[in-house]
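Have a look at upload-v8.cif below; it lists mmCIF, C-alpha atoms.
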data_my_file
loop_
_atom_site.label_atom_id
_atom_site.label_comp_id
_atom_site.auth_asym_id
_atom_site.auth_seq_id
_atom_site.Cartn_x
_atom_site.Cartn_y
_atom_site.Cartn_z
CA MET A 1 88.32 112.35 93.37
CA ILE A 2 92.02 113.00 92.93
CA GLY A 3 94.98 113.21 95.28
CA THR A 4 98.47 114.64 95.01
CA GLN A 5 100.13 111.31 95.77
CA ASP A 6 99.68 107.76 94.49
CA ALA A 7 97.91 106.15 97.46
CA SER A 8 94.65 104.44 98.40
CA GLU A 9 93.26 101.82 100.76
CA THR A 10 94.98 99.20 98.60
CA ARG A 11 98.16 101.11 97.77
CA PRO A 12 100.91 102.35 100.10
CA ALA A 13 101.84 105.97 99.53
CA ARG A 14 104.45 106.44 96.81
CA GLY A 15 106.50 109.52 96.09
CA PRO A 16 106.34 112.90 97.81
CA VAL A 17 103.15 114.18 99.45
CA ILE A 18 102.84 116.65 96.59
CA ASP A 19 103.89 114.81 93.44
CA ARG A 20 103.42 117.44 90.74
CA ALA A 21 103.81 115.08 87.80
CA TYR A 22 101.40 112.53 89.27
CA THR A 23 98.81 115.19 90.15
CA ALA A 24 98.84 116.61 86.62
CA ARG A 25 98.66 113.14 85.07
CA PHE A 26 95.81 112.12 87.40
CA ALA A 27 93.82 115.25 86.55
CA ARG A 28 94.35 114.90 82.81
CA ALA A 29 93.30 111.23 83.02
CA HIS A 30 89.93 112.37 84.38
CA GLU A 31 89.57 115.02 81.70
CA ASP A 32 90.46 112.54 78.96
CA ALA A 33 88.03 110.02 80.48
CA GLY A 34 85.14 112.45 80.19
CA PHE A 35 84.52 113.21 83.86
CA ASP A 36 82.59 116.43 84.55
CA ARG A 37 84.32 117.29 87.82
CA ILE A 38 86.95 116.05 90.20
CA LEU A 39 86.62 116.23 93.96
CA ILE A 40 89.64 117.58 95.83
CA GLY A 41 89.31 116.30 99.38
CA TYR A 42 90.06 117.89 102.73
CA SER A 43 91.71 116.69 105.92
CA SER A 44 93.73 118.44 108.58
CA GLY A 45 97.05 117.15 107.26
CA ARG A 46 96.53 117.25 103.50
CA PRO A 47 97.72 119.84 100.95
CA ASP A 48 95.52 122.91 100.66
CA GLY A 49 92.66 122.19 98.29
CA VAL A 50 92.43 125.62 96.69
CA GLN A 51 96.08 125.51 95.68
CA VAL A 52 95.69 121.96 94.39
CA ALA A 53 92.70 123.12 92.34
CA SER A 54 94.74 126.00 90.91
CA TYR A 55 97.47 123.60 89.84
CA VAL A 56 94.97 121.18 88.32
CA ALA A 57 93.25 124.01 86.45
CA ALA A 58 96.56 125.02 84.90
CA HIS A 59 97.03 121.47 83.55
CA THR A 60 93.50 120.90 82.22
CA GLU A 61 91.14 122.76 79.92
CA ARG A 62 87.54 122.04 80.86
CA LEU A 63 87.52 119.79 83.96
CA GLY A 64 85.33 121.07 86.80
CA LEU A 65 86.90 121.50 90.25
CA LEU A 66 84.90 120.47 93.31
CA VAL A 67 86.92 121.78 96.25
CA ALA A 68 86.14 120.36 99.69
CA HIS A 69 85.94 123.09 102.32
CA ARG A 70 85.35 123.10 106.08
CA PRO A 71 83.58 126.21 107.32
CA GLY A 72 85.00 127.81 110.40
CA PHE A 73 88.74 127.92 109.84
CA ILE A 74 88.78 131.11 107.76
CA ALA A 75 86.30 133.98 107.68
CA PRO A 76 83.43 133.48 105.22
CA THR A 77 84.21 136.80 103.53
CA LEU A 78 87.77 135.65 102.84
CA ALA A 79 86.50 132.27 101.61
CA ALA A 80 84.06 134.06 99.30
CA ARG A 81 86.87 136.07 97.69
CA THR A 82 89.20 133.08 97.53
CA PHE A 83 86.74 130.90 95.65
CA ALA A 84 85.48 133.75 93.46
CA THR A 85 89.05 134.54 92.45
CA LEU A 86 89.71 130.91 91.58
CA ASP A 87 86.41 130.77 89.69
CA GLN A 88 87.39 133.80 87.60
CA PHE A 89 90.85 132.44 86.79
CA THR A 90 89.39 129.07 85.77
CA GLY A 91 86.51 130.46 83.72
CA GLY A 92 83.73 129.28 86.02
CA ARG A 93 84.98 125.75 86.70
CA VAL A 94 84.73 125.89 90.51
CA ALA A 95 82.24 124.29 92.90
CA VAL A 96 82.57 124.06 96.68
CA HIS A 97 81.90 120.88 98.66
CA THR A 98 80.93 121.84 102.20
CA ILE A 99 82.07 119.47 104.95
CA THR A 100 80.95 120.58 108.40
CA GLY A 101 83.05 117.89 110.10
CA GLY A 102 82.00 114.73 111.92
CA HIS A 103 85.13 113.89 113.92
CA ASP A 104 85.96 115.88 117.04
CA VAL A 105 89.61 114.76 117.05
CA GLU A 106 90.09 115.69 113.40
CA GLN A 107 88.47 119.10 113.96
CA ARG A 108 90.69 119.84 116.95
CA ARG A 109 93.82 119.27 114.89
CA ASP A 110 92.96 122.56 113.20
CA GLY A 111 91.88 124.19 116.45
CA ASP A 112 88.09 123.74 116.26
CA TYR A 113 86.53 122.83 119.62
CA LEU A 114 82.85 123.33 118.83
CA ASP A 115 80.59 120.31 119.24
CA LYS A 116 78.67 118.87 116.30
CA GLU A 117 75.46 120.87 116.74
CA GLU A 118 77.42 124.10 117.12
CA ARG A 119 79.44 123.29 114.00
CA TYR A 120 76.28 122.88 111.95
CA ASP A 121 74.87 126.12 113.36
CA ARG A 122 78.08 127.86 112.31
CA THR A 123 77.90 126.27 108.84
CA ASP A 124 74.34 127.52 108.42
CA GLU A 125 75.43 131.10 109.11
CA TYR A 126 78.63 130.70 107.06
CA LEU A 127 76.87 129.50 103.90
CA GLY A 128 74.31 132.28 104.11
CA ILE A 129 77.17 134.79 104.13
CA LEU A 130 78.88 133.06 101.20
CA ARG A 131 75.72 133.21 99.12
CA ARG A 132 75.25 136.91 99.80
CA ALA A 133 78.92 137.74 99.24
CA TRP A 134 78.81 135.99 95.85
CA SER A 135 75.65 137.73 94.70
CA SER A 136 76.19 141.37 95.60
CA SER A 137 78.87 143.96 94.98
CA GLU A 138 77.12 146.38 97.33
CA PRO A 139 78.49 146.67 100.88
CA PHE A 140 76.62 144.78 103.59
CA THR A 141 76.96 144.31 107.32
CA HIS A 142 76.37 141.12 109.27
CA GLU A 143 76.01 140.43 112.98
CA GLY A 144 75.29 136.82 113.87
CA ARG A 145 76.13 134.27 116.49
CA HIS A 146 79.42 133.23 114.94
CA TYR A 147 80.38 136.07 112.57
CA ARG A 148 80.33 139.85 112.69
CA PHE A 149 81.60 142.37 110.15
CA GLU A 150 80.76 145.80 108.73
CA ASP A 151 80.44 147.15 105.18
CA TYR A 152 81.88 144.13 103.42
CA ALA A 153 82.11 144.51 99.65
CA SER A 154 84.19 142.50 97.22
CA HIS A 155 85.59 143.62 93.88
CA VAL A 156 85.64 140.00 92.67
CA LEU A 157 82.48 137.97 92.11
CA PRO A 158 82.01 134.49 90.61
CA VAL A 159 81.62 134.00 86.86
CA ARG A 160 77.94 133.08 87.15
CA GLU A 161 75.39 135.50 88.57
CA ALA A 162 73.97 132.61 90.59
CA GLY A 163 77.30 132.25 92.35
CA ILE A 164 79.43 129.16 92.83
CA PRO A 165 77.61 125.80 93.10
CA LEU A 166 77.48 124.48 96.66
CA TYR A 167 77.69 120.77 97.35
CA PHE A 168 77.05 119.55 100.89
CA GLY A 169 77.97 116.28 102.60
CA GLY A 170 76.37 114.62 105.61
CA SER A 171 73.84 112.07 106.81
CA SER A 172 72.64 113.39 110.17
CA GLU A 173 69.44 115.31 110.92
CA ALA A 174 71.53 118.46 111.34
CA ALA A 175 73.12 117.84 107.93
CA TYR A 176 69.72 117.40 106.28
CA ARG A 177 68.51 120.64 107.87
CA VAL A 178 71.48 122.81 106.88
CA GLY A 179 72.24 121.14 103.55
CA GLY A 180 68.57 121.05 102.62
CA LYS A 181 68.47 124.80 103.17
CA HIS A 182 71.64 125.81 101.30
CA ALA A 183 72.98 123.11 98.96
CA ASP A 184 72.67 122.97 95.20
CA THR A 185 73.66 119.29 95.44
CA PHE A 186 73.46 117.15 98.58
CA ALA A 187 76.12 114.42 98.67
CA LEU A 188 75.58 110.95 100.13
CA TRP A 189 77.76 107.86 100.37
CA GLY A 190 76.70 104.71 98.56
CA GLU A 191 74.07 102.85 100.56
CA PRO A 192 71.45 100.35 99.35
CA LEU A 193 68.68 101.78 97.20
CA ALA A 194 66.02 101.72 99.93
CA GLU A 195 68.21 103.53 102.46
CA THR A 196 69.33 106.03 99.82
CA ALA A 197 65.70 106.77 98.93
CA GLU A 198 65.01 107.43 102.61
CA GLN A 199 67.87 109.93 102.76
CA ILE A 200 66.70 111.65 99.58
CA ALA A 201 63.25 112.04 101.15
CA SER A 202 64.84 113.54 104.29
CA VAL A 203 66.81 116.06 102.23
CA ARG A 204 63.74 117.04 100.22
CA ALA A 205 61.66 117.43 103.37
CA ALA A 206 64.33 119.68 104.89
CA ALA A 207 64.44 121.78 101.72
CA ALA A 208 60.67 122.16 101.78
CA ALA A 209 60.75 123.12 105.46
CA ALA A 210 63.32 125.81 104.59
CA GLY A 211 60.89 127.23 102.02
CA ARG A 212 62.86 126.29 98.93
CA PRO A 213 60.77 126.04 95.75
CA ALA A 214 62.85 123.12 94.47
CA PRO A 215 64.99 120.58 96.33
CA PRO A 216 68.74 120.22 95.81
CA GLY A 217 70.18 117.65 93.47
CA ILE A 218 71.52 114.42 94.98
CA SER A 219 75.01 113.00 94.62
CA VAL A 220 75.87 109.41 95.58
CA SER A 221 79.42 108.05 95.80
CA PHE A 222 80.70 104.58 94.92
CA ARG A 223 83.93 102.67 94.32
CA PRO A 224 83.28 100.58 91.16
CA ILE A 225 85.31 97.39 90.72
CA LEU A 226 85.13 96.31 87.08
CA GLY A 227 85.99 93.10 85.27
CA ALA A 228 85.59 91.77 81.75
CA THR A 229 83.11 89.23 83.19
CA ASP A 230 81.19 89.30 86.44
CA GLU A 231 83.30 86.36 87.65
CA LEU A 232 86.55 88.24 87.00
CA ALA A 233 85.13 91.34 88.66
CA TRP A 234 84.34 89.38 91.80
CA GLU A 235 87.78 87.79 91.82
CA ARG A 236 89.25 91.27 91.67
CA ALA A 237 86.89 92.53 94.38
CA HIS A 238 88.08 89.86 96.80
CA ARG A 239 91.71 90.71 96.04
CA VAL A 240 90.91 94.35 96.84
CA LEU A 241 89.26 93.31 100.10
CA ASP A 242 92.19 91.10 101.12
CA THR A 243 94.61 93.95 100.47
CA ILE A 244 92.56 96.35 102.59
CA LYS A 245 92.42 93.82 105.43
CA ARG A 246 96.20 93.43 105.36
CA GLY A 247 96.53 97.16 105.94
CA ALA A 248 98.87 97.55 102.99
CA GLY A 249 97.36 100.78 101.76
CA ARG A 250 96.45 104.18 103.14
CA PRO A 251 92.89 105.54 103.14
CA PHE A 252 92.30 109.22 102.47
CA PHE A 253 90.81 109.64 105.92
CA ASP A 254 92.07 107.15 108.50
CA GLN A 255 89.31 106.27 110.95
CA THR A 256 91.76 104.35 113.15
CA ARG A 257 94.00 107.35 113.92
CA GLY A 258 92.29 108.80 116.95
CA SER A 259 89.01 109.54 115.17
CA ARG A 260 87.01 106.57 116.39
CA ASN A 261 85.75 106.00 119.89
CA GLU A 262 84.80 102.72 121.51
CA ASN A 263 81.28 103.02 120.09
CA GLY A 264 82.50 103.29 116.50
CA PRO A 265 82.78 106.31 114.19
CA GLN A 266 81.34 109.61 115.37
CA ASN A 267 79.92 110.67 112.03
CA GLU A 268 76.54 109.38 110.93
CA GLY A 269 77.63 108.64 107.35
CA SER A 270 80.20 106.08 108.46
CA ARG A 271 77.76 104.56 110.91
CA ARG A 272 75.19 104.14 108.15
CA LEU A 273 77.69 102.37 105.88
CA LEU A 274 78.66 99.98 108.67
CA ALA A 275 74.99 99.34 109.46
CA ALA A 276 74.30 98.47 105.82
CA ALA A 277 77.30 96.14 105.83
CA ALA A 278 76.02 94.43 108.98
CA LYS A 279 72.79 93.55 107.13
CA GLY A 280 74.66 91.70 104.39
CA ASP A 281 77.58 91.80 102.00
CA LEU A 282 75.63 92.24 98.75
CA HIS A 283 72.70 94.56 98.17
CA ASP A 284 70.48 95.26 95.19
CA ARG A 285 72.11 94.73 91.80
CA ALA A 286 75.82 95.10 92.62
CA LEU A 287 76.42 97.05 95.86
CA TRP A 288 79.12 95.33 97.94
CA THR A 289 79.80 96.53 101.49
CA PRO A 290 82.71 94.50 103.02
CA THR A 291 85.18 97.10 101.76
CA ALA A 292 83.50 99.66 104.03
CA THR A 293 83.79 97.39 107.06
CA ALA A 294 87.42 96.53 106.35
CA SER A 295 88.44 100.16 105.96
CA GLY A 296 86.43 101.54 108.87
CA ALA A 297 84.04 103.38 106.52
CA GLY A 298 86.11 106.53 106.69
CA GLY A 299 84.67 107.81 103.43
CA ASN A 300 82.87 106.57 100.34
CA THR A 301 84.07 102.98 100.59
CA THR A 302 81.22 100.78 99.30
CA ALA A 303 81.79 99.12 95.93
CA LEU A 304 79.75 98.34 92.84
CA VAL A 305 81.08 95.07 91.43
CA GLY A 306 80.64 93.58 87.96
CA THR A 307 81.14 94.11 84.26
CA PRO A 308 80.81 97.67 82.95
CA GLU A 309 77.29 96.77 81.83
CA THR A 310 76.34 95.51 85.30
CA VAL A 311 77.80 98.52 87.08
CA ALA A 312 76.25 100.96 84.60
CA ARG A 313 72.83 99.47 85.27
CA ALA A 314 73.47 99.68 89.00
CA LEU A 315 74.36 103.37 88.70
CA LEU A 316 71.21 103.98 86.67
CA ASP A 317 69.16 102.28 89.40
CA TYR A 318 70.19 105.22 91.60
CA VAL A 319 69.32 107.73 88.89
CA ASP A 320 65.87 106.15 88.82
CA ILE A 321 65.27 107.04 92.50
CA GLY A 322 66.34 110.67 92.09
CA VAL A 323 70.14 110.78 92.05
CA THR A 324 71.48 113.53 89.78
CA THR A 325 75.26 113.20 90.28
CA LEU A 326 77.35 110.03 90.33
CA LEU A 327 80.68 110.35 92.11
CA ILE A 328 82.94 107.39 91.39
CA ARG A 329 86.55 106.65 92.26
CA GLY A 330 88.59 103.49 92.26
CA TYR A 331 90.67 101.52 94.70
CA ASP A 332 93.40 101.72 92.05
CA PRO A 333 92.79 105.44 91.53
CA LEU A 334 94.60 106.38 88.32
CA ASP A 335 94.13 103.13 86.41
CA ASP A 336 90.49 102.90 87.42
CA ALA A 337 89.78 106.47 86.27
CA ILE A 338 91.13 105.53 82.84
CA ASP A 339 89.06 102.33 82.74
CA TYR A 340 85.90 104.15 83.80
CA GLY A 341 86.36 106.53 80.89
CA ARG A 342 86.87 103.71 78.42
CA HIS A 343 84.23 101.27 79.59
CA LEU A 344 81.75 102.69 82.12
CA LEU A 345 80.97 106.38 81.50
CA PRO A 346 80.05 105.81 77.82
CA LEU A 347 77.43 103.24 78.85
CA VAL A 348 75.82 105.51 81.42
CA ARG A 349 75.78 108.45 79.04
CA GLN A 350 74.45 106.32 76.21
CA GLU A 351 71.50 105.20 78.32
CA LEU A 352 70.77 108.72 79.55
CA ALA A 353 70.82 109.97 75.96
CA HIS A 354 68.54 107.10 74.92
CA ARG A 355 66.06 107.97 77.65
CA ALA A 356 66.13 111.67 76.73
CA ALA A 357 65.57 110.84 73.07
CA THR A 358 62.72 108.47 73.94
CA ALA A 359 61.10 111.07 76.15
CA GLY A 360 61.52 113.67 73.41
CA ALA A 361 59.88 111.40 70.88
CA ARG A 362 56.93 110.86 73.26
CA ASP A 363 56.63 114.64 73.57
CA GLY A 364 56.53 115.03 69.79
CA GLU A 365 60.22 115.80 69.18
CA PRO A 366 62.32 113.81 66.71
CA ALA A 367 63.83 110.77 68.41
CA GLY A 368 67.33 111.79 67.42
CA SER A 369 67.14 115.35 68.71
CA ALA A 370 68.46 114.75 72.24
CA SER A 371 72.10 115.40 72.89
CA ALA A 372 74.10 113.08 75.10
CA GLY A 373 73.80 113.91 78.79
CA SER A 374 76.59 113.78 81.32
CA ALA A 375 77.11 111.19 83.99
CA ALA A 376 75.92 113.87 86.39
CA GLY A 377 72.68 114.46 84.50
CA SER A 378 69.26 113.28 85.53
CA ALA A 379 67.44 110.77 83.37
CA ALA A 380 64.00 110.82 81.86
CA GLY A 381 61.84 107.83 81.12
CA THR A 382 62.13 104.24 82.29
CA PRO A 383 65.23 102.03 82.30
CA THR A 384 65.98 100.30 79.02
CA PRO A 385 68.86 97.88 79.74
CA SER A 386 68.98 96.75 76.13
CA ALA A 387 70.12 100.24 75.20
CA LEU A 388 73.40 99.72 77.06
CA LEU A 389 76.05 99.05 74.47
CA PRO A 390 79.01 96.70 74.99
CA ALA A 391 82.00 98.21 76.72
CA GLY A 392 84.18 100.15 74.35
CA SER A 393 81.35 101.25 72.08
CA PRO A 394 81.60 104.75 70.59
CA ARG A 395 80.47 107.57 72.88
#

As structure tokens, the full file:
Amino acid sequence: MIGTQDASETRPARGPVIDRAYTARFARAHEDAGFDRILIGYSSGRPDGVQVASYVAAHTERLGLLVAHRPGFIAPTLAARTFATLDQFTGGRVAVHTITGGHDVEQRRDGDYLDKEERYDRTDEYLGILRRAWSSSEPFTHEGRHYRFEDYASHVLPVREAGIPLYFGGSSEAAYRVGGKHADTFALWGEPLAETAEQIASVRAAAAAAGRPAPPGISVSFRPILGATDELAWERAHRVLDTIKRGAGRPFFDQTRGSRNENGPQNEGSRRLLAAAAKGDLHDRALWTPTATASGAGGNTTALVGTPETVARALLDYVDIGVTTLLIRGYDPLDDAIDYGRHLLPLVRQELAHRAATAGARDGEPAGSASAGSAAGSAAGTPTPSALLPAGSPR
């Protein structure tokens, strides 16, 4: 995930809101590090994501662009053309991350006064229109509860016949229902393995109820905190936590600015992170939750703490339960992106390639025939921790 300004929960904002040099450097750091995509977030006061994506595309060559988008503020036909145009100019690098919205105050800043259930109903209709608009050049008419138009036809379609990939975020029953119906990838925040497996089951059940032949992929988000040794990683993690508690930085989405009520956050994702944190600070292999509590859980705020080898194994634990995309960002955003590329991504990819090669050998293919997968790829076979090379090994 990138921003247009050097800022995070541990860093006060530096420079202008749109720092062109920083944005280009941040994007290229992800491309150089080997990331598949970058998420460009959305809030009511942030720079427009489509224009940020256009700028990033002009300063990179292959990096995918996952643009967060809230249905309801522009017509779905206009959104379809906007994203299809960007997809054509970038050579098929665009994906859309659908955020229905879990904060009434935040929604009202852009003039949206629907309640949560109505917002999800609108999103359901909106995404159906997007899919049809991206798949047909023939005119069509629509009359629904939220949208009505006649003889819509676009001269611009996405690069792929299947349209633009749709990601979908949420953790409520309404989110499972709508995302399970429409999403190519359903995005979750980093909870313990057991709770994540429960959410995956809910998404798959919703997809089956919607009549889909295959469920969506699953994305899980974390904030890795790395160190040369586990001890050094934990020392750094506590420094990060102390900085968050002092309020020295600025989160991407501030839960304290009118978006929380006396009962805590409105959105289910934040509530789930806080509930996990209430059960204990450390979960499973390396999941650490106090950073979520300290920041108000306004986004993906749980950490994975340890050496690159420890964190890589922790990420692969989630692959083992069905996760297909790993979304990672740091509390020191630019420097961490560089470190992930040097020390963490190669380990994850090495293990995925090892598993694919092992599975191929079992199926009668030569053991060396598998190509290296991406950090967003699913794994085959069982975990083989010994296959994880030391940090800095060749990719």

Give me, as a Markdown table, each residue of region 271-386 of chain A that comes within 9 Å of region 178-200 of chain A, together with its shortest interatomic pair and the distance in Å at one decimal, counting all atoms listed in the file, with rows ordered by chain and rising residue number.
| residue | atom | partner | partner_atom | distance |
| --- | --- | --- | --- | --- |
| A:Arg272 | CA | A:Glu191 | CA | 7.8 |
| A:Leu273 | CA | A:Glu191 | CA | 6.5 |
| A:Ala276 | CA | A:Glu191 | CA | 6.8 |
| A:His283 | CA | A:Pro192 | CA | 6.0 |
| A:Asp284 | CA | A:Pro192 | CA | 6.6 |
| A:Leu287 | CA | A:Pro192 | CA | 6.9 |
| A:Thr289 | CA | A:Glu191 | CA | 8.6 |
| A:Gly299 | CA | A:Trp189 | CA | 7.6 |
| A:Asn300 | CA | A:Trp189 | CA | 5.3 |
| A:Thr301 | CA | A:Gly190 | CA | 7.8 |
| A:Thr302 | CA | A:Gly190 | CA | 6.0 |
| A:Ala303 | CA | A:Gly190 | CA | 8.0 |
| A:Asp317 | CA | A:Leu193 | CA | 7.8 |
| A:Tyr318 | CA | A:Leu193 | CA | 6.7 |
| A:Ile321 | CA | A:Ala197 | CA | 6.5 |
| A:Gly322 | CA | A:Ile200 | CA | 7.6 |
| A:Val323 | CA | A:Ile200 | CA | 8.3 |
| A:Thr324 | CA | A:Thr185 | CA | 8.4 |
| A:Thr325 | CA | A:Thr185 | CA | 8.1 |
| A:Leu327 | CA | A:Ala187 | CA | 9.0 |

What's the separation between CA of Asp124 (chain A) and CA of Gly169 (chain A), in Å to one decimal place?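 According to the coordinates, CA of Asp124 (chain A) and CA of Gly169 (chain A) are separated by 13.2 Å.
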
Write out as an mmCIF file with C-alpha atoms, in the frame of the given file which residues come within 9 Å of region 7-11 of chain A when counting all atoms listed in the file, dropping same-chain ones fewer than 2 positions away.
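File produced: result.cif:
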data_model
loop_
_atom_site.group_PDB
_atom_site.id
_atom_site.type_symbol
_atom_site.label_atom_id
_atom_site.label_comp_id
_atom_site.auth_asym_id
_atom_site.auth_seq_id
_atom_site.Cartn_x
_atom_site.Cartn_y
_atom_site.Cartn_z
ATOM 1 C CA GLY A 3 94.980 113.210 95.280
ATOM 2 C CA THR A 4 98.470 114.640 95.010
ATOM 3 C CA GLN A 5 100.130 111.310 95.770
ATOM 4 C CA ALA A 13 101.840 105.970 99.530
ATOM 5 C CA ARG A 14 104.450 106.440 96.810
ATOM 6 C CA VAL A 240 90.910 94.350 96.840
ATOM 7 C CA LEU A 241 89.260 93.310 100.100
ATOM 8 C CA ASP A 242 92.190 91.100 101.120
ATOM 9 C CA THR A 243 94.610 93.950 100.470
ATOM 10 C CA ILE A 244 92.560 96.350 102.590
ATOM 11 C CA ARG A 246 96.200 93.430 105.360
ATOM 12 C CA GLY A 247 96.530 97.160 105.940
ATOM 13 C CA ALA A 248 98.870 97.550 102.990
ATOM 14 C CA GLY A 249 97.360 100.780 101.760
ATOM 15 C CA ARG A 250 96.450 104.180 103.140
ATOM 16 C CA PRO A 251 92.890 105.540 103.140
ATOM 17 C CA PHE A 252 92.300 109.220 102.470
ATOM 18 C CA SER A 295 88.440 100.160 105.960
ATOM 19 C CA GLY A 330 88.590 103.490 92.260
ATOM 20 C CA TYR A 331 90.670 101.520 94.700
ATOM 21 C CA ASP A 332 93.400 101.720 92.050
ATOM 22 C CA PRO A 333 92.790 105.440 91.530
#

ask   = For the atom pair CA of Glu125 (chain A) and CA of Ala95 (chain A), what is the interatomic distance in Å to one decimal place?
value =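 Straight-line distance from CA of Glu125 (chain A) to CA of Ala95 (chain A) works out to 18.9 Å.
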
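Separating CA of Arg223 (chain A) from CA of Ile164 (chain A) is a distance of 26.9 Å.
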
Report task. Check which residues satisfy the PyMOL selection byres ((chain A and resi 202-206) around 6) in the file shown, then give them as a ChimeraX atom specification. Result -> /A:176-177,180,199-201,207-209,215

### Query
Taking the file as shown, what set of residues would the PyMOL selection byres ((chain A and resi 129) around 12) give back, as a PyMOL selection string?
chain A and resi 71+75-81+122-128+130-136+140-144+146-149+152-153+182

(message) When the PyMOL selection byres ((chain A and resi 56) around 9) is applied to the structure above, which residues does it catch, written out as a list in words?
(response)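 Taken over the shown coordinates, the PyMOL selection byres ((chain A and resi 56) around 9) returns Thr23, Ala24, Ala27, Arg28, Gln51, Val52, Ala53, Ser54, Tyr55, Ala57, Ala58, His59, Thr60, Leu63 and Leu65 of chain A.
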
Query - Pick from A:Asn267, A:Ser154, A:Ser219, A:Thr100 nearest to Leu326 (chain A), counting only C-alpha atoms - result: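 Of the candidates, the smallest distance to Leu326 (chain A) is held by A:Ser219.
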
Across A:Leu304, A:Leu66, A:Leu86, A:Val348, the smallest distance to Arg329 (chain A), with only C-alpha atoms counted, is shown by A:Leu304

Using all atoms listed in the file for the distances, tell me which of A:Arg70, A:His354, A:Arg349, A:Arg271 is nearest to Gln107 (chain A).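 Closest to Gln107 (chain A) of all the choices is A:Arg70.
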
Taking all atoms listed in the file into account, name the residue in A:Gly41, A:Pro47, A:Pro216, A:Gly296 that is nearest to Ile18 (chain A).
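Closest residue, counting all atoms listed in the file: A:Pro47.
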
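Shortest separation to Thr82 (chain A) among A:Gly15, A:Val50, A:Val311, A:Arg62 occurs at residue A:Val50, atoms counted being only C-alpha atoms.
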
(message) Calculated over all atoms listed in the file, which of the candidates A:His30, A:Thr358, A:Val94, A:Trp288 has the smallest distance to Ala233 (chain A)?
(response)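 Checking each of A:His30, A:Thr358, A:Val94, A:Trp288 against Ala233 (chain A), counting all atoms listed in the file, the winner is A:Trp288.
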
Check your understanding: Taking (82.6, 128.4, 80.0) in the file's coordinates, which residues come within 12 Å, counting all atoms listed in the file, written as number ranges by chain?
Key -> A: 61-64, 87-94, 159-160
